[in-house]
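Participant: Here you go, start.csv (CSV, N, CA, C and O atoms):
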chain,number,residue,atom,x,y,z
A,13,MET,N,-123.9,-53.3,110.4
A,13,MET,CA,-124.5,-54.3,111.2
A,13,MET,C,-123.4,-55.0,112.0
A,13,MET,O,-122.3,-55.3,111.5
A,14,LYS,N,-123.6,-55.2,113.3
A,14,LYS,CA,-122.6,-55.8,114.2
A,14,LYS,C,-122.5,-57.3,113.9
A,14,LYS,O,-123.5,-58.0,113.6
A,15,ASN,N,-121.4,-57.8,114.1
A,15,ASN,CA,-121.2,-59.3,114.0
A,15,ASN,C,-121.7,-60.0,115.3
A,15,ASN,O,-122.0,-59.4,116.3
A,16,THR,N,-121.9,-61.3,115.2
A,16,THR,CA,-122.5,-62.0,116.3
A,16,THR,C,-121.6,-62.0,117.5
A,16,THR,O,-122.1,-62.1,118.6
A,17,LEU,N,-120.2,-62.0,117.4
A,17,LEU,CA,-119.3,-62.0,118.5
A,17,LEU,C,-119.5,-60.7,119.3
A,17,LEU,O,-119.5,-60.8,120.6
A,18,ALA,N,-119.8,-59.6,118.7
A,18,ALA,CA,-120.0,-58.3,119.4
A,18,ALA,C,-121.3,-58.4,120.2
A,18,ALA,O,-121.4,-57.9,121.3
A,19,LYS,N,-122.3,-59.1,119.6
A,19,LYS,CA,-123.6,-59.2,120.3
A,19,LYS,C,-123.4,-60.1,121.5
A,19,LYS,O,-124.0,-59.8,122.6
A,20,TYR,N,-122.7,-61.2,121.4
A,20,TYR,CA,-122.4,-62.0,122.6
A,20,TYR,C,-121.6,-61.3,123.7
A,20,TYR,O,-121.9,-61.5,124.8
A,21,ARG,N,-120.7,-60.5,123.3
A,21,ARG,CA,-119.9,-59.7,124.2
A,21,ARG,C,-120.8,-58.8,125.0
A,21,ARG,O,-120.7,-58.6,126.2
A,22,GLU,N,-121.7,-58.1,124.3
A,22,GLU,CA,-122.6,-57.2,125.0
A,22,GLU,C,-123.6,-57.9,125.9
A,22,GLU,O,-123.9,-57.5,127.0
A,23,ALA,N,-124.1,-59.1,125.4
A,23,ALA,CA,-125.0,-59.9,126.3
A,23,ALA,C,-124.3,-60.4,127.5
A,23,ALA,O,-124.8,-60.4,128.6
A,24,GLY,N,-123.0,-60.9,127.3
A,24,GLY,CA,-122.2,-61.4,128.4
A,24,GLY,C,-121.9,-60.3,129.4
A,24,GLY,O,-122.0,-60.5,130.6
A,25,SER,N,-121.7,-59.1,129.0
A,25,SER,CA,-121.4,-58.0,129.9
A,25,SER,C,-122.7,-57.6,130.7
A,25,SER,O,-122.6,-57.3,131.9
A,26,PHE,N,-123.8,-57.7,130.0
A,26,PHE,CA,-125.1,-57.4,130.7
A,26,PHE,C,-125.4,-58.4,131.7
A,26,PHE,O,-125.7,-58.1,132.9
A,27,ILE,N,-125.2,-59.7,131.4
A,27,ILE,CA,-125.4,-60.8,132.4
A,27,ILE,C,-124.5,-60.7,133.5
A,27,ILE,O,-124.8,-60.9,134.7
A,28,ALA,N,-123.2,-60.3,133.3
A,28,ALA,CA,-122.2,-60.2,134.3
A,28,ALA,C,-122.7,-59.0,135.3
A,28,ALA,O,-122.6,-59.2,136.5
A,29,GLY,N,-123.2,-58.0,134.7
A,29,GLY,CA,-123.7,-56.9,135.6
A,29,GLY,C,-124.9,-57.3,136.4
A,29,GLY,O,-125.0,-56.9,137.6
A,30,VAL,N,-125.7,-58.0,135.8
A,30,VAL,CA,-126.9,-58.5,136.6
A,30,VAL,C,-126.5,-59.4,137.7
A,30,VAL,O,-127.0,-59.3,138.8
A,31,LEU,N,-125.5,-60.3,137.5
A,31,LEU,CA,-125.0,-61.2,138.5
A,31,LEU,C,-124.4,-60.4,139.6
A,31,LEU,O,-124.6,-60.7,140.8
A,32,ILE,N,-123.6,-59.4,139.3
A,32,ILE,CA,-122.9,-58.6,140.3
A,32,ILE,C,-124.0,-57.8,141.1
A,32,ILE,O,-123.9,-57.8,142.3
A,33,GLY,N,-125.0,-57.3,140.4
A,33,GLY,CA,-126.0,-56.6,141.1
A,33,GLY,C,-126.8,-57.5,142.1
A,33,GLY,O,-127.1,-57.1,143.2
A,34,VAL,N,-127.1,-58.7,141.6
A,34,VAL,CA,-127.9,-59.6,142.4
A,34,VAL,C,-127.1,-60.0,143.7
A,34,VAL,O,-127.6,-60.2,144.8
A,35,SER,N,-125.7,-60.2,143.5
A,35,SER,CA,-124.9,-60.6,144.6
A,35,SER,C,-124.8,-59.5,145.6
A,35,SER,O,-124.5,-59.8,146.8
A,36,ILE,N,-125.1,-58.3,145.3
A,36,ILE,CA,-125.1,-57.2,146.2
A,36,ILE,C,-126.5,-57.1,146.9
A,36,ILE,O,-126.6,-56.8,148.1
A,37,VAL,N,-127.5,-57.3,146.2
A,37,VAL,CA,-128.9,-57.2,146.7
A,37,VAL,C,-129.3,-58.3,147.7
A,37,VAL,O,-129.9,-58.2,148.7
A,38,VAL,N,-128.8,-59.6,147.3
A,38,VAL,CA,-129.2,-60.7,148.1
A,38,VAL,C,-128.8,-60.6,149.6
A,38,VAL,O,-129.6,-60.9,150.5
A,39,PRO,N,-127.6,-60.3,149.9
A,39,PRO,CA,-127.2,-60.2,151.3
A,39,PRO,C,-128.0,-59.1,152.1
A,39,PRO,O,-128.3,-59.3,153.3
A,40,VAL,N,-128.3,-58.0,151.4
A,40,VAL,CA,-129.1,-57.0,152.0
A,40,VAL,C,-130.5,-57.5,152.4
A,40,VAL,O,-131.0,-57.3,153.5
A,41,ILE,N,-131.1,-58.2,151.5
A,41,ILE,CA,-132.5,-58.7,151.7
A,41,ILE,C,-132.4,-59.8,152.8
A,41,ILE,O,-133.3,-59.9,153.7
A,42,VAL,N,-131.4,-60.7,152.7
A,42,VAL,CA,-131.2,-61.8,153.7
A,42,VAL,C,-131.0,-61.2,155.1
A,42,VAL,O,-131.6,-61.8,156.1
A,43,MET,N,-130.3,-60.2,155.2
A,43,MET,CA,-130.0,-59.6,156.6
A,43,MET,C,-131.2,-58.9,157.2
A,43,MET,O,-131.2,-58.6,158.4
A,44,THR,N,-132.2,-58.5,156.4
A,44,THR,CA,-133.3,-57.8,156.9
A,44,THR,C,-134.3,-58.8,157.5
A,44,THR,O,-135.2,-58.4,158.3
A,45,VAL,N,-134.2,-60.1,157.3
A,45,VAL,CA,-135.1,-61.1,157.8
A,45,VAL,C,-134.8,-61.2,159.3
A,45,VAL,O,-133.6,-61.3,159.7
A,46,SER,N,-135.8,-61.3,160.2
A,46,SER,CA,-135.6,-61.2,161.6
A,46,SER,C,-135.2,-62.6,162.2
A,46,SER,O,-134.4,-62.6,163.2
A,47,ASP,N,-135.6,-63.7,161.6
A,47,ASP,CA,-135.3,-65.0,162.2
A,47,ASP,C,-133.9,-65.4,161.6
A,47,ASP,O,-133.7,-65.5,160.4
A,48,HIS,N,-133.0,-65.8,162.5
A,48,HIS,CA,-131.7,-66.2,162.1
A,48,HIS,C,-131.6,-67.7,162.1
A,48,HIS,O,-131.8,-68.3,163.1
A,49,ASN,N,-131.4,-68.3,161.0
A,49,ASN,CA,-131.2,-69.7,160.9
A,49,ASN,C,-130.1,-70.1,160.0
A,49,ASN,O,-129.3,-69.2,159.5
A,50,GLY,N,-129.9,-71.3,159.8
A,50,GLY,CA,-128.8,-71.8,158.9
A,50,GLY,C,-128.8,-71.4,157.5
A,50,GLY,O,-127.8,-71.3,156.8
A,51,TRP,N,-130.0,-71.1,157.0
A,51,TRP,CA,-130.2,-70.8,155.6
A,51,TRP,C,-129.6,-69.4,155.3
A,51,TRP,O,-129.2,-69.1,154.2
A,52,GLN,N,-129.7,-68.5,156.3
A,52,GLN,CA,-129.1,-67.2,156.1
A,52,GLN,C,-127.7,-67.2,155.8
A,52,GLN,O,-127.2,-66.5,154.9
A,53,THR,N,-126.9,-68.0,156.5
A,53,THR,CA,-125.5,-68.1,156.2
A,53,THR,C,-125.2,-68.7,154.8
A,53,THR,O,-124.3,-68.2,154.1
A,54,LEU,N,-126.0,-69.7,154.5
A,54,LEU,CA,-125.9,-70.3,153.2
A,54,LEU,C,-126.2,-69.3,152.0
A,54,LEU,O,-125.5,-69.3,151.0
A,55,GLU,N,-127.2,-68.5,152.2
A,55,GLU,CA,-127.5,-67.5,151.2
A,55,GLU,C,-126.5,-66.4,151.1
A,55,GLU,O,-126.2,-66.0,150.0
A,56,VAL,N,-125.8,-66.0,152.1
A,56,VAL,CA,-124.8,-65.0,152.1
A,56,VAL,C,-123.6,-65.6,151.3
A,56,VAL,O,-123.0,-64.9,150.5
A,57,PHE,N,-123.2,-66.8,151.6
A,57,PHE,CA,-122.1,-67.5,150.9
A,57,PHE,C,-122.5,-67.7,149.4
A,57,PHE,O,-121.6,-67.7,148.5
A,58,GLY,N,-123.7,-68.0,149.2
A,58,GLY,CA,-124.2,-68.1,147.8
A,58,GLY,C,-124.1,-66.8,147.0
A,58,GLY,O,-123.7,-66.8,145.8
A,59,ALA,N,-124.3,-65.7,147.7
A,59,ALA,CA,-124.1,-64.4,147.1
A,59,ALA,C,-122.7,-64.2,146.7
A,59,ALA,O,-122.3,-63.6,145.7
A,60,LEU,N,-121.7,-64.6,147.6
A,60,LEU,CA,-120.3,-64.5,147.2
A,60,LEU,C,-120.0,-65.3,146.0
A,60,LEU,O,-119.1,-64.9,145.2
A,61,VAL,N,-120.6,-66.5,145.9
A,61,VAL,CA,-120.3,-67.3,144.7
A,61,VAL,C,-120.9,-66.7,143.4
A,61,VAL,O,-120.2,-66.6,142.4
A,62,ILE,N,-122.1,-66.1,143.6
A,62,ILE,CA,-122.7,-65.3,142.4
A,62,ILE,C,-121.8,-64.1,142.0
A,62,ILE,O,-121.6,-63.9,140.9
A,63,LEU,N,-121.2,-63.4,143.0
A,63,LEU,CA,-120.3,-62.3,142.8
A,63,LEU,C,-119.1,-62.8,142.0
A,63,LEU,O,-118.6,-62.2,141.1
A,64,ALA,N,-118.5,-63.9,142.5
A,64,ALA,CA,-117.3,-64.5,141.8
A,64,ALA,C,-117.6,-64.9,140.3
A,64,ALA,O,-116.8,-64.6,139.4
A,65,LEU,N,-118.8,-65.5,140.1
A,65,LEU,CA,-119.2,-65.8,138.7
A,65,LEU,C,-119.4,-64.6,137.9
A,65,LEU,O,-118.9,-64.5,136.7
A,66,GLY,N,-120.0,-63.5,138.4
A,66,GLY,CA,-120.2,-62.3,137.7
A,66,GLY,C,-118.9,-61.6,137.3
A,66,GLY,O,-118.7,-61.2,136.2
A,67,LEU,N,-118.0,-61.6,138.3
A,67,LEU,CA,-116.7,-61.0,138.0
A,67,LEU,C,-115.9,-61.8,137.0
A,67,LEU,O,-115.2,-61.2,136.1
A,68,ALA,N,-115.9,-63.1,137.1
A,68,ALA,CA,-115.2,-63.9,136.1
A,68,ALA,C,-115.8,-63.8,134.7
A,68,ALA,O,-115.0,-63.7,133.8
A,69,LEU,N,-117.1,-63.7,134.6
A,69,LEU,CA,-117.7,-63.5,133.3
A,69,LEU,C,-117.3,-62.2,132.7
A,69,LEU,O,-117.0,-62.1,131.5
A,70,GLN,N,-117.3,-61.1,133.6
A,70,GLN,CA,-116.9,-59.8,133.1
A,70,GLN,C,-115.4,-59.8,132.6
A,70,GLN,O,-115.1,-59.2,131.6
A,71,VAL,N,-114.6,-60.5,133.3
A,71,VAL,CA,-113.2,-60.6,132.9
A,71,VAL,C,-113.0,-61.3,131.6
A,71,VAL,O,-112.3,-60.9,130.7
A,72,ILE,N,-113.8,-62.4,131.4
A,72,ILE,CA,-113.7,-63.2,130.2
A,72,ILE,C,-114.3,-62.3,129.0
A,72,ILE,O,-113.7,-62.4,127.9
A,73,VAL,N,-115.3,-61.6,129.2
A,73,VAL,CA,-115.9,-60.8,128.1
A,73,VAL,C,-115.1,-59.7,127.7
A,73,VAL,O,-114.9,-59.4,126.5
A,74,THR,N,-114.4,-59.0,128.7
A,74,THR,CA,-113.6,-57.8,128.3
A,74,THR,C,-112.2,-58.1,128.0
A,74,THR,O,-111.4,-57.2,127.7
A,75,ALA,N,-111.8,-59.4,128.0
A,75,ALA,CA,-110.4,-59.8,127.7
A,75,ALA,C,-110.1,-59.6,126.2
A,75,ALA,O,-111.0,-59.8,125.4
A,76,ARG,N,-108.9,-59.2,125.9
A,76,ARG,CA,-108.5,-59.1,124.5
A,76,ARG,C,-108.4,-60.5,123.8
A,76,ARG,O,-108.0,-61.4,124.5
A,77,PRO,N,-108.8,-60.6,122.5
A,77,PRO,CA,-108.6,-61.9,121.9
A,77,PRO,C,-107.2,-62.2,121.7
A,77,PRO,O,-106.3,-61.4,121.6
A,78,ARG,N,-106.9,-63.5,121.8
A,78,ARG,CA,-105.5,-64.0,121.7
A,78,ARG,C,-104.9,-63.9,120.3
A,78,ARG,O,-103.7,-63.8,120.2
A,79,ARG,N,-105.7,-64.1,119.3
A,79,ARG,CA,-105.2,-64.1,118.0
A,79,ARG,C,-105.2,-62.7,117.4
A,79,ARG,O,-106.0,-61.9,117.7
A,80,PRO,N,-104.2,-62.3,116.7
A,80,PRO,CA,-104.1,-61.0,116.1
A,80,PRO,C,-105.2,-60.7,115.1
A,80,PRO,O,-105.7,-61.6,114.5
A,81,HIS,N,-105.6,-59.5,115.0
A,81,HIS,CA,-106.7,-59.1,114.1
A,81,HIS,C,-106.1,-59.1,112.7
A,81,HIS,O,-105.1,-58.5,112.4
A,82,VAL,N,-106.8,-59.8,111.8
A,82,VAL,CA,-106.4,-59.9,110.4
A,82,VAL,C,-107.1,-58.8,109.6
A,82,VAL,O,-108.3,-58.6,109.7
A,83,MET,N,-106.3,-58.0,108.9
A,83,MET,CA,-106.9,-56.9,108.2
A,83,MET,C,-107.4,-57.4,106.9
A,83,MET,O,-106.9,-58.3,106.2
A,84,GLU,N,-108.6,-56.9,106.5
A,84,GLU,CA,-109.2,-57.3,105.3
A,84,GLU,C,-108.5,-56.6,104.1
A,84,GLU,O,-107.9,-55.6,104.2
A,85,LEU,N,-108.7,-57.2,102.9
A,85,LEU,CA,-108.2,-56.6,101.7
A,85,LEU,C,-108.9,-55.2,101.5
A,85,LEU,O,-110.1,-55.1,101.6
A,86,GLY,N,-108.1,-54.3,101.1
A,86,GLY,CA,-108.6,-53.0,100.8
A,86,GLY,C,-108.8,-52.1,102.1
A,86,GLY,O,-109.2,-51.0,102.0
A,87,ALA,N,-108.4,-52.6,103.2
A,87,ALA,CA,-108.5,-51.8,104.4
A,87,ALA,C,-107.1,-51.4,104.9
A,87,ALA,O,-107.0,-51.1,106.1
A,88,LEU,N,-106.2,-51.3,104.0
A,88,LEU,CA,-104.8,-50.8,104.4
A,88,LEU,C,-104.9,-49.3,104.7
A,88,LEU,O,-105.6,-48.6,104.1
A,89,PRO,N,-104.1,-48.9,105.7
A,89,PRO,CA,-104.1,-47.4,106.0
A,89,PRO,C,-103.5,-46.6,104.9
A,89,PRO,O,-102.5,-47.0,104.2
A,90,ALA,N,-104.0,-45.5,104.6
A,90,ALA,CA,-103.5,-44.6,103.6
A,90,ALA,C,-102.3,-43.8,104.1
A,90,ALA,O,-102.3,-43.4,105.2
A,91,GLY,N,-101.4,-43.6,103.3
A,91,GLY,CA,-100.2,-42.8,103.7
A,91,GLY,C,-99.3,-42.6,102.5
A,91,GLY,O,-99.4,-43.2,101.4
A,92,PHE,N,-98.3,-41.7,102.7
A,92,PHE,CA,-97.4,-41.4,101.6
A,92,PHE,C,-96.2,-42.4,101.7
A,92,PHE,O,-95.7,-42.7,102.8
A,93,MET,N,-95.7,-42.8,100.6
A,93,MET,CA,-94.5,-43.6,100.5
A,93,MET,C,-93.2,-42.8,100.7
A,93,MET,O,-93.2,-41.7,100.2
A,94,GLU,N,-92.3,-43.3,101.5
A,94,GLU,CA,-91.0,-42.5,101.7
A,94,GLU,C,-90.2,-42.7,100.4
A,94,GLU,O,-89.9,-43.8,100.0
A,95,LEU,N,-89.7,-41.6,99.9
A,95,LEU,CA,-88.8,-41.7,98.7
A,95,LEU,C,-87.4,-41.8,99.1
A,95,LEU,O,-87.0,-41.5,100.2
A,96,GLY,N,-86.6,-42.4,98.2
A,96,GLY,CA,-85.2,-42.7,98.5
A,96,GLY,C,-84.4,-41.5,98.8
A,96,GLY,O,-83.5,-41.5,99.6
A,97,HIS,N,-84.6,-40.4,98.1
A,97,HIS,CA,-83.8,-39.2,98.3
A,97,HIS,C,-84.2,-38.4,99.5
A,97,HIS,O,-83.5,-37.4,99.9
A,98,GLU,N,-85.3,-38.7,100.2
A,98,GLU,CA,-85.7,-38.0,101.4
A,98,GLU,C,-85.1,-38.6,102.7
A,98,GLU,O,-85.3,-38.1,103.7
A,99,ARG,N,-84.4,-39.7,102.6
A,99,ARG,CA,-83.8,-40.3,103.8
A,99,ARG,C,-82.7,-39.5,104.4
A,99,ARG,O,-82.0,-38.9,104.3
Please lay out the structure from this file as structure tokens.

Facilitator:
Amino acid sequence: MKNTLAKYREAGSFIAGVLIGVSIVVPVIVMTVSDHNGWQTLEVFGALVILALGLALQVIVTARPRRPHVMELGALPAGFMELGHER
């Protein structure tokens, strides 16, 4: 079973993808409207803000954790010990 942090990372990545997709679709739909007014410019700049939020969220979600991973007891890698006469 996955831990809750992995679930949040997957959800954050999905939300970032949705934001990036919406930021691409919004200008296309806005530019198809025939009447040009002040709202059209505002919506295009709003799409850029949504794109920036989506990219920032994706960077945060995919960044490596700052603290080192602590190995659990019993999870040590198996291997052979080097003997003194083999050096």

Participant: Distance atom C of Ile72 in chain A-atom C of Pro39 in chain A, one decimal place?

Facilitator: 27.0 Å

Participant: What is the distance between CA of Val42 in chain A and atom O of Gly58 in chain A, in Å to one decimal?

Facilitator: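 Pair CA of Val42 in chain A / atom O of Gly58 in chain A returns 12.0 Å.
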
Participant: When you look at Tyr20 in chain A with a cut-off of 12 Å (counting only C-alpha atoms), what residues show up, excluding the ones that are within fewer than 4 positions of it in the same chain? I need them as a PyMOL selection string.

Facilitator: chain A and resi 14-16+24-28+69+72-74

Participant: Work out how far CA of Gln52 in chain A is from atom O of Ala64 in chain A, in Å to one decimal.

Facilitator: 20.9 Å

Participant: Give the answer as one residue: which of A:Gly29, A:Leu60, A:Glu55, A:Lys19 has the shortest atom-to-atom distance to Ile41 in chain A, using only C-alpha atoms?

Facilitator: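 The answer is A:Glu55, which sits nearest to Ile41 in chain A.
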
Participant: Residues proximal to (-123.4, -60.4, 142.3) were defined as those with any atom within 8 Å of that point in the file's coordinates, counting all atoms listed in the file. Which are they, as a PyMOL selection string?

Facilitator: chain A and resi 27-38+58-67
